[in-house]
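Shown here: query10.cif, mmCIF, C-alpha atoms.
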data_upload
#
loop_
_atom_site.label_atom_id
_atom_site.label_comp_id
_atom_site.auth_asym_id
_atom_site.auth_seq_id
_atom_site.Cartn_x
_atom_site.Cartn_y
_atom_site.Cartn_z
CA MET A 1 -171.52 -55.33 269.97
CA PRO A 2 -170.87 -56.30 266.34
CA THR A 3 -169.77 -59.87 265.74
CA ALA A 4 -166.23 -60.28 264.46
CA ARG A 5 -165.65 -61.90 261.10
CA LYS A 6 -162.37 -63.69 260.46
CA ARG A 7 -160.72 -63.38 257.07
CA LYS A 8 -159.21 -66.45 255.46
CA THR A 9 -156.37 -64.37 254.03
CA ARG A 10 -154.38 -61.60 255.57
CA ALA A 11 -156.01 -58.24 254.99
CA PRO A 12 -153.92 -55.50 253.35
CA PRO A 13 -152.83 -52.50 255.44
CA THR A 14 -155.68 -50.37 256.71
CA PRO A 15 -156.23 -47.40 254.37
CA ARG A 16 -156.42 -43.84 255.67
CA ARG A 17 -159.93 -43.46 257.03
CA ARG A 18 -162.29 -40.67 256.04
CA PRO A 19 -164.37 -38.77 258.61
CA PRO A 20 -167.48 -40.74 259.63
CA GLY A 21 -170.53 -39.90 257.58
CA LEU A 22 -172.60 -43.07 257.57
CA GLU A 23 -174.73 -45.16 259.86
CA TYR A 24 -174.97 -48.89 259.35
CA ARG A 25 -177.55 -51.35 260.63
CA ALA A 26 -175.52 -54.32 261.84
CA LYS A 27 -176.48 -57.84 260.83
CA SER A 28 -175.69 -59.20 264.29
CA ASP A 29 -178.14 -57.16 266.40
CA GLY A 30 -180.06 -54.85 264.03
CA SER A 31 -178.73 -51.79 265.87
CA TRP A 32 -177.38 -48.66 264.14
CA TYR A 33 -173.67 -47.80 264.35
CA SER A 34 -171.45 -45.04 262.96
CA VAL A 35 -169.10 -46.53 260.38
CA ARG A 36 -166.52 -45.75 257.72
CA LEU A 37 -166.15 -47.65 254.47
CA ALA A 38 -163.19 -48.74 252.38
CA LEU A 39 -162.62 -50.93 249.32
CA GLN A 40 -159.90 -53.51 249.77
CA GLU A 41 -159.07 -56.05 247.05
CA GLY A 42 -162.54 -55.55 245.59
CA SER A 43 -164.36 -56.21 248.88
CA LEU A 44 -166.32 -53.68 250.93
CA ARG A 45 -164.97 -53.19 254.43
CA VAL A 46 -167.37 -51.77 257.03
CA MET A 47 -165.35 -50.28 259.90
CA TYR A 48 -167.18 -49.58 263.16
CA GLU A 49 -166.36 -46.38 265.02
CA GLU A 50 -164.91 -46.94 268.50
CA PHE A 51 -164.64 -50.72 268.03
CA LEU A 52 -161.61 -52.90 267.39
CA GLU A 53 -160.74 -53.77 263.79
CA ALA A 54 -161.60 -57.40 264.56
CA THR A 55 -165.28 -56.40 264.53
CA ASP A 56 -165.16 -54.99 260.99
CA GLU A 57 -167.62 -56.56 258.55
CA TRP A 58 -166.76 -57.54 254.98
CA TYR A 59 -168.88 -57.91 251.86
CA ASP A 60 -167.34 -59.77 248.93
CA PRO A 61 -168.34 -59.36 245.26
CA PRO A 62 -169.89 -62.37 243.45
CA ALA A 63 -166.56 -63.15 241.74
CA ALA A 64 -164.99 -63.71 245.17
CA GLY A 65 -167.74 -65.99 246.40
CA GLY A 66 -169.81 -63.27 248.09
CA ASP A 67 -173.46 -63.83 248.99
CA LEU A 68 -174.73 -60.85 246.95
CA ALA A 69 -176.35 -62.93 244.24
CA SER A 70 -179.41 -60.93 243.16
CA PRO A 71 -180.70 -57.36 242.74
CA ARG A 72 -182.70 -57.91 245.93
CA ASP A 73 -179.49 -58.68 247.85
CA VAL A 74 -177.90 -55.48 246.50
CA ALA A 75 -180.94 -53.39 247.48
CA ALA A 76 -180.98 -54.94 250.96
CA LEU A 77 -177.32 -54.05 251.49
CA ARG A 78 -177.85 -50.48 250.29
CA ALA A 79 -180.75 -50.10 252.75
CA ARG A 80 -178.42 -50.92 255.65
CA PHE A 81 -176.67 -47.57 255.19
CA ARG A 82 -177.86 -44.01 255.72
CA ALA A 83 -176.56 -40.56 256.65
CA VAL A 84 -175.59 -40.11 260.30
CA SER A 85 -178.54 -39.12 262.49
CA THR A 86 -178.25 -35.77 264.25
CA ALA A 87 -178.55 -35.25 268.00
CA LEU A 88 -181.71 -33.41 269.02
CA GLU A 89 -180.78 -29.98 270.38
CA GLY A 90 -182.65 -28.50 273.32
CA ALA A 91 -183.69 -25.44 271.35
CA ARG A 92 -185.30 -27.65 268.68
CA CYS A 93 -187.36 -30.00 270.83
CA ARG A 94 -190.47 -27.88 270.21
CA ASP A 95 -190.09 -28.45 266.47
CA LEU A 96 -190.72 -32.19 266.76
CA ARG A 97 -194.13 -33.47 265.73
CA PRO A 98 -195.81 -36.83 266.41
CA GLY A 99 -194.71 -39.38 263.84
CA ALA A 100 -191.21 -37.92 263.44
CA ARG A 101 -188.59 -40.59 262.64
CA LEU A 102 -186.01 -40.94 265.39
CA CYS A 103 -183.03 -43.10 266.28
CA VAL A 104 -183.16 -43.67 270.03
CA GLY A 105 -180.80 -45.16 272.60
CA CYS A 106 -182.13 -48.36 274.14
CA ASP A 107 -180.85 -49.72 277.48
CA ILE A 108 -181.02 -53.45 276.81
CA VAL A 109 -178.19 -54.34 279.15
CA VAL A 110 -177.01 -52.16 282.04
CA GLY A 111 -174.15 -50.01 280.84
CA GLU A 112 -174.71 -50.86 277.16
CA LEU A 113 -176.68 -48.47 274.96
CA LYS A 114 -177.80 -49.54 271.49
CA PHE A 115 -179.67 -47.42 268.98
CA TYR A 116 -182.86 -48.47 267.19
CA ASP A 117 -185.40 -46.59 265.09
CA ALA A 118 -188.60 -45.28 266.63
CA VAL A 119 -191.31 -42.70 265.93
CA LEU A 120 -192.31 -39.88 268.24
CA ASP A 121 -195.61 -40.43 270.03
CA SER A 122 -195.73 -37.34 272.27
CA VAL A 123 -193.64 -34.82 274.21
CA THR A 124 -194.07 -33.99 277.88
CA ALA A 125 -192.83 -30.41 278.06
CA ALA A 126 -190.63 -29.18 280.89
CA LYS A 127 -188.91 -25.89 281.67
CA HIS A 128 -185.57 -25.38 279.94
CA GLU A 129 -182.51 -24.01 281.71
CA THR A 130 -179.53 -22.18 280.28
CA VAL A 131 -176.09 -23.16 281.57
CA ASP A 132 -172.95 -21.50 280.19
CA GLY A 133 -174.95 -20.24 277.24
CA GLU A 134 -176.31 -23.68 276.37
CA GLU A 135 -180.02 -24.43 276.53
CA LEU A 136 -180.68 -27.61 278.49
CA CYS A 137 -183.89 -29.51 277.79
CA ALA A 138 -185.64 -31.45 280.56
CA CYS A 139 -188.57 -32.59 278.39
CA ARG A 140 -189.52 -36.25 278.18
CA PHE A 141 -190.17 -37.93 274.84
CA THR A 142 -192.54 -40.86 274.46
CA VAL A 143 -191.47 -42.97 271.49
CA ARG A 144 -192.85 -46.07 269.83
CA TRP A 145 -190.12 -48.50 268.84
CA THR A 146 -190.19 -49.67 265.21
CA GLU A 147 -187.05 -51.83 265.49
CA GLY A 148 -185.16 -53.83 268.06
CA PRO A 149 -186.21 -56.09 270.94
CA ARG A 150 -188.93 -53.65 272.09
CA ALA A 151 -190.49 -53.07 268.65
CA GLY A 152 -194.12 -51.98 268.94
CA GLY A 153 -193.78 -50.83 272.55
CA LEU A 154 -193.82 -47.33 274.04
CA GLU A 155 -191.04 -45.85 276.15
CA GLN A 156 -190.28 -42.44 277.63
CA VAL A 157 -186.73 -41.14 277.24
CA GLY A 158 -184.72 -37.97 277.77
CA ILE A 159 -183.23 -35.77 275.06
CA ASP A 160 -179.77 -37.29 275.54
CA LYS A 161 -180.99 -40.50 273.86
CA VAL A 162 -182.84 -38.88 270.95
CA TYR A 163 -181.38 -38.48 267.45
CA CYS A 164 -183.22 -37.29 264.35
CA VAL A 165 -183.08 -39.54 261.28
CA ARG A 166 -182.11 -37.67 258.14
CA ALA A 167 -184.36 -38.34 255.18
CA THR A 168 -181.60 -38.83 252.58
CA ARG A 169 -182.26 -42.18 250.90
CA PRO A 170 -180.55 -43.78 249.14
CA VAL A 171 -177.44 -42.53 250.86
CA GLN A 172 -174.79 -40.96 248.64
CA ASP A 173 -171.33 -42.32 249.40
CA PRO A 174 -168.63 -42.78 246.72
CA VAL A 175 -167.14 -45.96 248.23
CA LEU A 176 -170.52 -47.65 248.68
CA SER A 177 -171.69 -46.55 245.22
CA GLN A 178 -168.54 -47.89 243.56
CA PHE A 179 -168.87 -51.28 245.25
CA LEU A 180 -172.60 -51.62 244.54
CA ASP A 181 -172.11 -50.61 240.89
CA VAL A 182 -169.55 -53.40 240.44
CA VAL A 183 -171.78 -55.93 242.20
CA THR A 184 -174.88 -54.87 240.24
CA LYS A 185 -173.07 -55.32 236.92
CA ALA A 186 -171.73 -58.72 238.01
CA VAL A 187 -175.20 -59.88 239.09
CA SER A 188 -176.73 -58.63 235.83
CA ASN A 189 -174.10 -60.49 233.79
CA VAL A 190 -174.74 -63.72 235.69
CA GLU A 191 -178.51 -63.42 235.24
CA GLY A 192 -178.08 -62.53 231.56
CA ASN A 193 -175.86 -65.54 230.94
CA ALA A 194 -178.33 -67.80 232.73
CA MET A 195 -181.20 -66.53 230.57
CA THR A 196 -179.16 -66.98 227.39
CA THR A 197 -178.20 -70.51 228.34
CA GLY A 198 -181.79 -71.34 229.19
CA ALA A 199 -183.00 -70.00 225.85
CA ARG A 200 -180.56 -72.26 223.99
CA LEU A 201 -181.64 -75.44 225.75
CA PRO A 202 -184.16 -77.45 223.69
CA LYS A 203 -187.61 -77.83 225.14
CA THR A 204 -188.94 -81.29 225.91
CA GLY A 205 -189.34 -83.18 222.65
CA GLU A 206 -187.32 -80.70 220.55
CA GLY A 207 -184.47 -82.14 218.54
CA GLU A 208 -185.89 -85.67 218.68
CA THR A 209 -186.57 -87.62 215.49
CA ALA A 210 -190.09 -88.96 215.08
CA HIS A 211 -190.29 -92.69 214.44
CA LEU A 212 -193.14 -94.30 212.51
CA VAL A 213 -194.52 -97.41 214.08
#
What would you get if you wrote out this structure as structure tokens?
Amino acid sequence: MPTARKRKTRAPPTPRRRPPGLEYRAKSDGSWYSVRLALQEGSLRVMYEEFLEATDEWYDPPAAGGDLASPRDVAALRARFRAVSTALEGARCRDLRPGARLCVGCDIVVGELKFYDAVLDSVTAAKHETVDGEELCACRFTVRWTEGPRAGGLEQVGIDKVYCVRATRPVQDPVLSQFLDVVTKAVSNVEGNAMTTGARLPKTGEGETAHLV
């Protein structure tokens, strides 16, 4: 479960939330969650679906003392977001090929399912059934974890835990783009000022008057 972050000041009223369209890799456990985003007083608010508001994460711009201090920090934050992965449908299981990127449910604790990235190793085919017009897949999918506590290991799972990662990178989201544009400009200004100040400082020995002995 995401770790709550307490705000020093009272947060403004929660804005009207847009339909979920993003996944976010949480800092607390490295697992992927469905989230919505909002800008509040210049800060980026990451709101977890189906979790209390107390678990929301906040990212502040450099002017507000945020820890996004370099282009690398900005790129790392952008990489934490992506389009929502799609559930694998029974009729499409035959389309998967070894090496396909997946987001798979991982039973770390009984009753708690977290999602980490994996790649498909193989599929053990089984007969499909049709119930009420819906094709039900009984195949088993062997995946190799690329993230999470079982990274590098193999595991066999059912279709109910398998989601297909969409290849859209970097993700296009107006709220995220607006925040990152502001942060990128602020970081560039800080770096530019630092370079200008450094260029004006005299090198060792410059500005000193030579004395004849």
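One finds CA of Ala91 (chain A) at 17.0 Å from CA of Val157 (chain A).
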Select, from A:Val84, A:Val110, A:Val162, A:Ala69, the residue with the minimum atom-to-atom distance to Gly21 (chain A), counting only C-alpha atoms.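 Of all the options, A:Val84 lies closest to Gly21 (chain A).
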Apply the PyMOL selection byres ((chain A and resi 182) around 12) to the displayed file and report the matching residues as an NGL selection string. :A and (39 or 42-44 or 60-63 or 68 or 74 or 175-181 or 183-189)
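Note that CA of Lys161 (chain A) and CA of Trp58 (chain A) are 29.1 Å apart.
Residue neighbourhood of Lys127 (chain A), excluding near-sequence residues (fewer than 4 positions): Cys137, Ala138 and Cys139 of chain A, at 8 Å, using only C-alpha atoms.
Atom pair CA of Gly99 (chain A) / CA of Val119 (chain A) has a distance of 5.2 Å (rounded to one decimal).
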Given the file shown, enumerate the residues that the PyMOL selection byres ((chain A and resi 164) around 6) captures and present them as number ranges by chain. A: 85-86, 102, 163, 165
Counting all atoms listed in the file, which residues have an atom no more than 12 Å from (-193.9, -50.3, 266.7) in the file's coordinates? Please list them as a PyMOL selection string. chain A and resi 99+101+116-121+143-155
Mind writing the picked residues with C-alpha atoms as a PDB file, keeping the file's coordinate frame?
ATOM      1  CA  GLY A  99    -194.710 -39.380 263.840  1.00  0.00           C
ATOM      2  CA  ARG A 101    -188.590 -40.590 262.640  1.00  0.00           C
ATOM      3  CA  TYR A 116    -182.860 -48.470 267.190  1.00  0.00           C
ATOM      4  CA  ASP A 117    -185.400 -46.590 265.090  1.00  0.00           C
ATOM      5  CA  ALA A 118    -188.600 -45.280 266.630  1.00  0.00           C
ATOM      6  CA  VAL A 119    -191.310 -42.700 265.930  1.00  0.00           C
ATOM      7  CA  LEU A 120    -192.310 -39.880 268.240  1.00  0.00           C
ATOM      8  CA  ASP A 121    -195.610 -40.430 270.030  1.00  0.00           C
ATOM      9  CA  VAL A 143    -191.470 -42.970 271.490  1.00  0.00           C
ATOM     10  CA  ARG A 144    -192.850 -46.070 269.830  1.00  0.00           C
ATOM     11  CA  TRP A 145    -190.120 -48.500 268.840  1.00  0.00           C
ATOM     12  CA  THR A 146    -190.190 -49.670 265.210  1.00  0.00           C
ATOM     13  CA  GLU A 147    -187.050 -51.830 265.490  1.00  0.00           C
ATOM     14  CA  GLY A 148    -185.160 -53.830 268.060  1.00  0.00           C
ATOM     15  CA  PRO A 149    -186.210 -56.090 270.940  1.00  0.00           C
ATOM     16  CA  ARG A 150    -188.930 -53.650 272.090  1.00  0.00           C
ATOM     17  CA  ALA A 151    -190.490 -53.070 268.650  1.00  0.00           C
ATOM     18  CA  GLY A 152    -194.120 -51.980 268.940  1.00  0.00           C
ATOM     19  CA  GLY A 153    -193.780 -50.830 272.550  1.00  0.00           C
ATOM     20  CA  LEU A 154    -193.820 -47.330 274.040  1.00  0.00           C
ATOM     21  CA  GLU A 155    -191.040 -45.850 276.150  1.00  0.00           C
TER      22      GLU A 155
END
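Applied to this file, the PyMOL selection byres ((chain A and resi 136) around 12) selects A:Leu88, A:Glu89, A:Gly90, A:Ala91, A:Arg92, A:Cys93, A:Ala126, A:Lys127, A:His128, A:Glu129, A:Thr130, A:Val131, A:Asp132, A:Gly133, A:Glu134, A:Glu135, A:Cys137, A:Ala138, A:Cys139, A:Gly158, A:Ile159, A:Asp160.
If all atoms listed in the file are the atoms counted, then among A:Arg80, A:Arg36, A:Lys114, A:Arg94 the closest residue to Pro170 (chain A) is A:Arg80.
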